[in-house]
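Listing of start.tsv, TSV, C-alpha atoms and all ligand atoms
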chain	number	residue	atom	x	y	z
N	1	MET	CA	-48.54	52.85	37.81
N	2	SER	CA	-52.18	52.63	38.75
N	3	VAL	CA	-55.00	55.13	38.37
N	4	LEU	CA	-55.17	57.32	41.49
N	5	TYR	CA	-58.16	59.49	40.49
N	6	ASP	CA	-60.84	58.45	38.02
N	7	HIS	CA	-61.67	61.96	36.88
N	8	VAL	CA	-59.29	64.94	37.18
N	9	ALA	CA	-60.34	68.50	36.31
N	10	PHE	CA	-58.00	71.41	35.62
N	11	VAL	CA	-59.17	74.99	35.87
N	12	GLY	CA	-56.48	76.89	33.99
N	13	LEU	CA	-54.43	75.23	31.25
N	14	GLY	CA	-50.99	76.79	31.44
N	15	LEU	CA	-47.51	75.58	32.31
N	16	ILE	CA	-48.40	73.91	35.60
N	17	ALA	CA	-51.76	72.33	34.74
N	18	GLY	CA	-50.44	71.26	31.32
N	19	SER	CA	-47.41	69.61	32.91
N	20	MET	CA	-49.59	67.86	35.48
N	21	SER	CA	-51.92	66.56	32.79
N	22	LEU	CA	-49.03	65.26	30.69
N	23	ALA	CA	-47.36	63.68	33.74
N	24	MET	CA	-50.62	61.96	34.73
N	25	ARG	CA	-50.96	60.59	31.22
N	26	LYS	CA	-47.32	59.45	31.11
N	27	HIS	CA	-47.69	57.53	34.38
N	28	GLY	CA	-51.33	56.42	33.93
N	29	LEU	CA	-52.52	58.21	37.07
N	30	ALA	CA	-55.92	59.52	35.92
N	31	GLY	CA	-58.88	57.71	34.41
N	32	GLN	CA	-59.70	60.84	32.44
N	33	THR	CA	-58.51	64.45	32.44
N	34	VAL	CA	-60.78	67.39	31.67
N	35	GLY	CA	-59.61	70.99	31.46
N	36	THR	CA	-60.79	74.49	30.82
N	37	ALA	CA	-59.18	77.92	30.46
N	38	ARG	CA	-60.46	81.47	30.48
N	39	THR	CA	-59.96	82.28	26.80
N	40	ALA	CA	-61.21	80.45	23.73
N	41	GLN	CA	-57.72	80.69	22.26
N	42	THR	CA	-56.08	78.73	25.09
N	43	ARG	CA	-58.87	76.14	25.02
N	44	GLN	CA	-58.41	75.76	21.27
N	45	THR	CA	-54.63	75.32	21.60
N	46	ALA	CA	-55.12	72.79	24.39
N	47	ARG	CA	-57.50	70.82	22.16
N	48	GLU	CA	-55.11	70.94	19.21
N	49	ILE	CA	-52.18	69.56	21.18
N	50	GLY	CA	-54.32	67.11	23.18
N	51	LEU	CA	-53.24	68.56	26.52
N	52	CYS	CA	-56.02	66.67	28.31
N	53	ASP	CA	-58.59	64.12	27.26
N	54	ARG	CA	-61.38	66.71	27.04
N	55	VAL	CA	-61.35	70.50	26.93
N	56	VAL	CA	-64.63	72.13	27.89
N	57	ASP	CA	-65.84	75.72	27.79
N	58	SER	CA	-66.56	76.43	31.44
N	59	ALA	CA	-65.09	75.70	34.85
N	60	ALA	CA	-68.51	74.49	36.06
N	61	GLU	CA	-68.58	71.88	33.31
N	62	ALA	CA	-64.97	70.85	33.92
N	63	VAL	CA	-65.40	70.12	37.63
N	64	ALA	CA	-68.76	68.32	37.38
N	65	GLY	CA	-68.17	64.73	38.52
N	66	ALA	CA	-64.44	65.25	39.14
N	67	ASP	CA	-62.69	63.39	41.97
N	68	LEU	CA	-59.77	65.81	41.90
N	69	VAL	CA	-60.00	69.47	40.93
N	70	VAL	CA	-56.78	71.42	40.36
N	71	LEU	CA	-56.95	75.22	40.43
N	72	ALA	CA	-54.05	76.38	38.23
N	73	VAL	CA	-54.76	80.06	37.61
N	74	PRO	CA	-52.86	83.14	38.87
N	75	VAL	CA	-53.08	83.60	42.64
N	76	GLY	CA	-55.29	86.69	42.31
N	77	ALA	CA	-57.89	84.74	40.31
N	78	MET	CA	-58.28	81.79	42.73
N	79	GLY	CA	-61.13	83.29	44.77
N	80	ALA	CA	-63.36	84.02	41.78
N	81	VAL	CA	-62.74	80.58	40.32
N	82	ALA	CA	-63.54	78.92	43.67
N	83	ARG	CA	-66.82	80.82	43.87
N	84	GLU	CA	-67.73	79.77	40.33
N	85	ILE	CA	-67.05	76.05	40.77
N	86	ALA	CA	-68.37	75.61	44.33
N	87	PRO	CA	-71.98	74.66	43.46
N	88	HIS	CA	-70.79	72.11	40.88
N	89	LEU	CA	-68.30	70.14	42.99
N	90	LYS	CA	-68.94	66.46	43.61
N	91	PRO	CA	-69.31	65.53	47.30
N	92	GLY	CA	-66.14	63.79	48.48
N	93	ALA	CA	-63.97	65.45	45.82
N	94	THR	CA	-60.50	66.77	46.61
N	95	VAL	CA	-59.86	70.36	45.53
N	96	THR	CA	-56.28	71.56	45.40
N	97	ASP	CA	-54.44	74.55	43.98
N	98	VAL	CA	-50.89	75.12	42.76
N	99	GLY	CA	-50.57	78.82	43.67
N	100	SER	CA	-47.19	80.23	44.66
N	101	VAL	CA	-48.65	81.92	47.77
N	102	LYS	CA	-50.62	80.00	50.38
N	103	ARG	CA	-52.12	82.19	53.14
N	104	ALA	CA	-53.90	84.53	50.70
N	105	VAL	CA	-55.12	81.66	48.50
N	106	ILE	CA	-56.55	79.85	51.52
N	107	GLY	CA	-58.30	83.08	52.54
N	108	ALA	CA	-59.75	83.47	49.05
N	109	VAL	CA	-60.74	79.85	48.35
N	110	ALA	CA	-61.64	78.16	51.65
N	111	PRO	CA	-64.76	80.24	52.40
N	112	HIS	CA	-66.32	79.06	49.12
N	113	MET	CA	-65.65	75.36	49.61
N	114	PRO	CA	-68.65	73.22	50.58
N	115	GLU	CA	-68.15	71.05	53.68
N	116	THR	CA	-68.51	67.95	51.54
N	117	VAL	CA	-65.19	68.48	49.68
N	118	HIS	CA	-61.58	68.27	50.86
N	119	PHE	CA	-59.66	71.46	50.09
N	120	ILE	CA	-55.91	70.79	50.30
N	121	PRO	CA	-53.73	73.70	49.15
N	122	GLY	CA	-50.47	72.83	47.38
N	123	HIS	CA	-47.47	74.34	45.65
N	124	PRO	CA	-45.09	72.46	43.36
N	125	LEU	CA	-41.64	74.04	43.55
N	126	ALA	CA	-41.10	73.63	39.84
N	127	GLY	CA	-41.51	75.97	36.94
N	128	THR	CA	-39.89	77.76	34.06
N	129	GLU	CA	-40.14	81.28	32.67
N	130	HIS	CA	-42.49	79.97	29.96
N	131	THR	CA	-46.25	80.08	30.24
N	132	GLY	CA	-49.35	78.92	28.40
N	133	PRO	CA	-50.66	75.56	27.22
N	134	ARG	CA	-47.66	74.83	24.99
N	135	ALA	CA	-45.17	75.31	27.84
N	136	GLY	CA	-46.03	72.13	29.75
N	137	PHE	CA	-43.96	68.94	29.84
N	138	ALA	CA	-44.44	65.69	31.75
N	139	GLU	CA	-41.07	65.76	33.52
N	140	LEU	CA	-41.45	69.21	35.13
N	141	PHE	CA	-42.03	67.87	38.65
N	142	GLU	CA	-39.39	65.15	38.67
N	143	ASN	CA	-36.90	65.52	41.52
N	144	ARG	CA	-38.65	68.67	42.71
N	145	PHE	CA	-40.42	69.36	45.97
N	146	CYS	CA	-44.15	69.76	46.24
N	147	LEU	CA	-45.38	71.48	49.40
N	148	LEU	CA	-48.84	70.57	50.66
N	149	VAL	CA	-50.45	72.92	53.16
N	150	PRO	CA	-53.32	70.98	54.78
N	151	LEU	CA	-55.82	72.94	56.83
N	152	GLU	CA	-56.80	71.91	60.33
N	153	GLY	CA	-58.90	68.75	60.36
N	154	THR	CA	-57.96	67.70	56.81
N	155	ASP	CA	-59.11	64.19	55.95
N	156	ARG	CA	-56.09	61.88	56.20
N	157	ALA	CA	-57.09	59.67	53.28
N	158	ALA	CA	-57.62	62.68	51.00
N	159	LEU	CA	-54.22	64.07	51.97
N	160	GLN	CA	-52.61	60.69	51.42
N	161	GLY	CA	-54.23	60.47	47.96
N	162	LEU	CA	-52.89	63.85	46.88
N	163	ARG	CA	-49.45	63.05	48.29
N	164	ALA	CA	-49.40	59.79	46.32
N	165	LEU	CA	-50.26	61.68	43.13
N	166	TRP	CA	-47.40	64.15	43.49
N	167	GLU	CA	-44.99	61.37	44.37
N	168	ALA	CA	-46.09	59.42	41.31
N	169	MET	CA	-45.33	62.52	39.19
N	170	GLY	CA	-41.76	62.42	40.58
N	171	SER	CA	-41.92	64.94	43.42
N	172	THR	CA	-40.88	64.76	47.03
N	173	VAL	CA	-43.83	65.88	49.13
N	174	GLU	CA	-43.60	67.81	52.36
N	175	THR	CA	-46.31	69.44	54.43
N	176	MET	CA	-46.01	72.95	55.78
N	177	ASP	CA	-47.92	75.63	57.64
N	178	PRO	CA	-49.16	78.45	55.29
N	179	ASP	CA	-47.31	81.32	56.98
N	180	HIS	CA	-44.08	79.36	57.09
N	181	HIS	CA	-44.56	78.47	53.43
N	182	ASP	CA	-44.98	82.13	52.49
N	183	LEU	CA	-41.87	83.19	54.42
N	184	VAL	CA	-39.70	80.40	52.99
N	185	LEU	CA	-40.88	81.22	49.47
N	186	ALA	CA	-40.30	84.93	50.01
N	187	VAL	CA	-36.64	84.08	50.68
N	188	THR	CA	-36.10	81.41	48.06
N	189	SER	CA	-38.24	82.66	45.21
N	190	HIS	CA	-40.22	85.88	45.59
N	191	ALA	CA	-37.48	88.30	46.72
N	192	PRO	CA	-34.94	86.85	44.23
N	193	HIS	CA	-37.44	87.41	41.42
N	194	LEU	CA	-37.95	91.02	42.48
N	195	ILE	CA	-34.19	91.56	42.62
N	196	ALA	CA	-33.82	90.06	39.13
N	197	TYR	CA	-36.61	92.29	37.81
N	198	THR	CA	-34.84	95.29	39.36
N	199	MET	CA	-31.40	94.39	38.01
N	200	VAL	CA	-32.72	93.90	34.49
N	201	GLY	CA	-34.63	97.19	34.78
N	202	VAL	CA	-31.45	98.98	35.85
N	203	ALA	CA	-29.51	97.45	32.96
N	204	ASP	CA	-32.26	98.49	30.60
N	205	ASP	CA	-31.91	102.09	31.79
N	206	LEU	CA	-28.16	101.80	31.34
N	207	ARG	CA	-28.56	100.37	27.87
N	208	ARG	CA	-29.79	103.72	26.73
N	209	VAL	CA	-26.37	105.05	27.71
N	210	THR	CA	-24.16	102.24	26.50
N	211	ASP	CA	-26.25	101.28	23.50
N	212	SER	CA	-26.34	97.52	22.96
N	213	GLU	CA	-23.40	96.54	25.17
N	214	VAL	CA	-25.64	95.17	27.92
N	215	ILE	CA	-27.10	92.64	25.48
N	216	LYS	CA	-23.84	91.94	23.70
N	217	TYR	CA	-21.88	91.12	26.86
N	218	SER	CA	-24.71	89.50	28.77
N	219	ALA	CA	-22.98	86.10	29.01
N	220	ALA	CA	-21.99	86.74	32.61
N	221	GLY	CA	-24.36	86.68	35.60
N	222	PHE	CA	-26.73	89.17	34.02
N	223	ARG	CA	-28.04	86.59	31.55
N	224	ASP	CA	-29.42	84.48	34.40
N	225	PHE	CA	-31.19	87.52	35.79
N	226	THR	CA	-32.83	88.08	32.41
N	227	ARG	CA	-34.19	84.53	32.38
N	228	ILE	CA	-35.84	85.03	35.77
N	229	ALA	CA	-37.06	88.51	34.82
N	230	ALA	CA	-38.76	87.03	31.74
N	231	SER	CA	-41.27	85.26	34.01
N	232	ASP	CA	-44.98	85.90	33.59
N	233	PRO	CA	-45.94	89.47	34.61
N	234	VAL	CA	-49.47	88.55	35.79
N	235	MET	CA	-48.31	85.64	37.91
N	236	TRP	CA	-45.60	87.69	39.58
N	237	ARG	CA	-47.75	90.77	40.09
N	238	ASP	CA	-50.19	88.52	41.95
N	239	VAL	CA	-47.43	86.86	43.98
N	240	PHE	CA	-46.21	90.21	45.34
N	241	LEU	CA	-49.69	91.57	45.97
N	242	ASN	CA	-50.62	88.40	47.85
N	243	ASN	CA	-47.41	87.72	49.78
N	244	ARG	CA	-46.83	91.31	50.77
N	245	ASP	CA	-45.75	91.02	54.39
N	246	ALA	CA	-43.23	88.21	54.00
N	247	THR	CA	-41.74	89.73	50.85
N	248	LEU	CA	-41.39	93.17	52.44
N	249	GLU	CA	-39.77	91.59	55.51
N	250	ILE	CA	-37.15	89.82	53.37
N	251	LEU	CA	-36.56	92.85	51.14
N	252	GLY	CA	-35.96	94.93	54.29
N	253	ARG	CA	-33.27	92.52	55.38
N	254	PHE	CA	-31.86	92.41	51.87
N	255	THR	CA	-31.54	96.19	51.79
N	256	GLU	CA	-29.68	96.20	55.11
N	257	GLU	CA	-27.20	93.59	53.86
N	258	LEU	CA	-26.77	95.47	50.62
N	259	PHE	CA	-25.91	98.63	52.55
N	260	ALA	CA	-23.35	96.66	54.62
N	261	LEU	CA	-21.69	95.34	51.47
N	262	GLN	CA	-21.83	98.78	49.88
N	263	ARG	CA	-20.04	100.20	52.91
N	264	ALA	CA	-17.42	97.41	52.80
N	265	ILE	CA	-16.69	98.27	49.17
N	266	ARG	CA	-16.46	101.97	49.92
N	267	THR	CA	-14.17	101.49	52.92
N	268	GLY	CA	-12.09	98.80	51.22
N	269	ASP	CA	-13.05	96.14	53.79
N	270	GLY	CA	-11.83	93.11	51.80
N	271	GLU	CA	-12.02	90.86	54.83
N	272	LEU	CA	-15.76	91.41	55.20
N	273	LEU	CA	-16.38	90.84	51.50
N	274	HIS	CA	-14.28	87.66	51.48
N	275	ALA	CA	-15.98	86.25	54.58
N	276	TYR	CA	-19.42	87.07	53.16
N	277	PHE	CA	-18.74	85.44	49.79
N	278	THR	CA	-17.25	82.36	51.47
N	279	ARG	CA	-20.45	81.92	53.46
N	280	THR	CA	-22.69	82.30	50.41
N	281	ARG	CA	-20.61	79.88	48.34
N	282	ALA	CA	-21.40	77.14	50.87
N	283	ILE	CA	-25.12	77.65	50.21
N	284	ARG	CA	-24.62	76.80	46.54
N	285	ARG	CA	-22.84	73.60	47.56
N	286	GLY	CA	-25.78	72.71	49.79
N	287	ILE	CA	-28.24	73.10	46.88
N	288	ILE	CA	-26.15	70.83	44.68
N	289	GLU	CA	-25.80	68.23	47.45
N	290	ALA	CA	-29.60	68.30	47.87
N	291	GLY	CA	-29.90	67.40	44.16
N	292	GLN	CA	-31.67	70.66	43.30
N	293	ASP	CA	-29.14	71.81	40.68
N	294	THR	CA	-26.15	70.66	38.68
N	295	ALA	CA	-22.54	71.16	39.74
N	296	ALA	CA	-21.50	71.54	36.09
N	297	PRO	CA	-19.99	74.94	35.24
N	298	ASP	CA	-22.47	77.54	33.94
N	299	PHE	CA	-25.47	75.37	34.98
N	300	GLY	CA	-24.38	72.66	32.55
N	301	ARG	CA	-24.84	74.80	29.46
N	302	SER	CA	-22.61	73.78	26.58
N	303	ALA	CA	-19.84	76.22	25.69
N	304	LYS	CA	-21.40	76.69	22.23
N	305	ARG	CA	-24.32	79.09	22.25
G	401	LIG	P1	-49.92	80.14	32.95
G	401	LIG	O1	-49.11	79.21	32.12
G	401	LIG	O2	-49.88	81.60	32.66
G	401	LIG	O3	-51.46	79.66	32.93
G	401	LIG	C1	-52.43	80.34	33.66
G	401	LIG	C2	-53.80	79.83	33.33
G	401	LIG	O4	-54.75	80.58	34.12
G	401	LIG	C3	-54.20	80.02	31.87
G	401	LIG	O5	-54.91	78.91	31.44
G	401	LIG	C4	-55.12	81.25	31.92
G	401	LIG	O6	-56.12	81.19	30.94
G	401	LIG	C5	-55.74	81.16	33.27
G	401	LIG	N1	-56.10	82.48	33.79
G	401	LIG	C6	-55.34	83.61	33.80
G	401	LIG	N2	-55.98	84.62	34.40
G	401	LIG	C7	-57.19	84.14	34.78
G	401	LIG	C8	-58.32	84.72	35.42
G	401	LIG	N3	-58.31	86.00	35.82
G	401	LIG	N4	-59.40	83.93	35.62
G	401	LIG	C9	-59.40	82.63	35.23
G	401	LIG	N5	-58.36	82.04	34.61
G	401	LIG	C10	-57.27	82.78	34.39
G	401	LIG	O7	-49.56	80.00	34.51
G	401	LIG	P2	-48.82	78.86	35.32
G	401	LIG	O8	-47.35	79.12	35.27
G	401	LIG	O9	-49.35	77.52	34.94
G	401	LIG	O10	-49.27	79.26	36.81
G	401	LIG	C11	-50.49	78.82	37.34
G	401	LIG	C12	-50.39	78.87	38.87
G	401	LIG	O11	-49.28	78.09	39.28
G	401	LIG	C13	-50.18	80.28	39.44
G	401	LIG	O12	-50.98	80.44	40.59
G	401	LIG	C14	-48.71	80.28	39.83
G	401	LIG	O13	-48.48	81.13	40.96
G	401	LIG	C15	-48.46	78.83	40.17
G	401	LIG	N6	-47.09	78.35	39.96
G	401	LIG	C16	-46.36	78.77	38.88
G	401	LIG	C17	-45.05	78.33	38.72
G	401	LIG	C18	-44.21	78.80	37.55
G	401	LIG	O14	-42.99	78.81	37.64
G	401	LIG	N7	-44.81	79.18	36.44
G	401	LIG	C19	-44.51	77.42	39.64
G	401	LIG	C20	-45.30	76.97	40.70
G	401	LIG	C21	-46.60	77.44	40.85
G	401	LIG	P3	-55.93	81.92	29.51
G	401	LIG	O15	-54.68	81.34	28.92
G	401	LIG	O16	-57.14	81.54	28.79
G	401	LIG	O17	-55.79	83.38	29.80
Take the structure from the file and write it as structure tokens.
Amino acid sequence: MSVLYDHVAFVGLGLIAGSMSLAMRKHGLAGQTVGTARTAQTRQTAREIGLCDRVVDSAAEAVAGADLVVLAVPVGAMGAVAREIAPHLKPGATVTDVGSVKRAVIGAVAPHMPETVHFIPGHPLAGTEHTGPRAGFAELFENRFCLLVPLEGTDRAALQGLRALWEAMGSTVETMDPDHHDLVLAVTSHAPHLIAYTMVGVADDLRRVTDSEVIKYSAAGFRDFTRIAASDPVMWRDVFLNNRDATLEILGRFTEELFALQRAIRTGDGELLHAYFTRTRAIRRGIIEAGQDTAAPDFGRSAKR
């Protein structure tokens, strides 16, 4: 493939930025990649493993001369980073972010952006429970969606350029309004994470009663909760603090449904339970048909563990 941006800068060098840098290298999409991270330790690791072409010590240095700047730090840190880089941005550059929440990030970043740059918020719907510079891999975005959330009056060519980049890294790109994005993500990602955190917390309390049985017999559904609940605490703290309204709305609905199911169990209403589970099973089929997961039993894990 051909070079889409001559000079790409990453602020933050964790799972997402690392994967983007490796994907750009794999497909030849960037003339050069430059990155920086907050701590000397992360910068050193990134240098050792050659995560990008150059690792520099400050965000200002990283973005100088860049055609594309990717903000890949926790949502709560976006505003401060935007303020820091603003005076050093090249006129005509595209600035994007990969934050899991969009309305709050736009509110934190947009006021700092000079009129001469194109700020186009984004969110790749791809990730793992691993973090840091060693967690990245070039294939992370393949067959995943990337949502772009252009602001009013966004330059069409700049948007097209960013879309082409994500498509070249293997993603399907869609555009979305920020509030709609935050609501959709509250349903599909944020509330499920909170529920997983809660379930694992409950099991941890129980473990004190049943000793190690929770760990020993965790092969059933619980193990998948533990994977989700192992996600980065800073990232997820920031997601909930910055997508408060939509998450609380979905959790309210969740609680109501939970009470309805609780009542059905108490009153022995098998018909309600059966109808409910039949409806939810169809959702799983829809995800598989959309190519977003495998139909293999147990998520395709081999029987041997
Ligand atoms: P990560 O692996 O933990 O990397 C985060 C990076 O941000 C690190 O380089 C870290 O630097 C830097 N950083 C942390 N706190 C900072 C601060 N206060 N100021 C400046 N830099 C800071 O995280 P990630 O998974 O790549 O996530 C990055 C962004 O992508 C987040 O906004 C997240 O919401 C979004 N996202 C994540 C996923 C996912 O599943 N992980 C998926 C889609 C989008 P040090 O290492 O030096 O501390």
Exercise for the section: Identify which of the residues N:Glu48, N:Asp177, N:Glu129, N:Asp205 lies closest to ligand LIG 401 (chain G), counting all atoms listed in the file when measuring atom-to-atom distances. Expected result: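 Checking each of N:Glu48, N:Asp177, N:Glu129, N:Asp205 against ligand LIG 401 (chain G), counting all atoms listed in the file, the winner is N:Glu129.
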Practice task
Point out the residue among N:Leu261, N:Met24, N:Ala59, N:Met169 with the least atom-to-atom distance to ligand LIG 401 (chain G), counting only C-alpha atoms and all ligand atoms.
Solution key: N:Ala59
Exercise for the section: Between atom C10 of ligand LIG 401 (chain G) and atom CA of Pro178 of chain N, measure the distance and give it in Å to one decimal. Expected result: 22.8 Å
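Ranking N:Ala37, N:Val202, N:Ala260, N:Met78 by their shortest atom-to-atom distance to ligand LIG 401 (chain G), with all atoms listed in the file included, puts N:Ala37 first.
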Problem - Selected residue, from N:Pro121, N:Pro111, N:Gly221, N:Gly132, that lies nearest to ligand LIG 401 (chain G) when counting all atoms listed in the file - result: N:Gly132
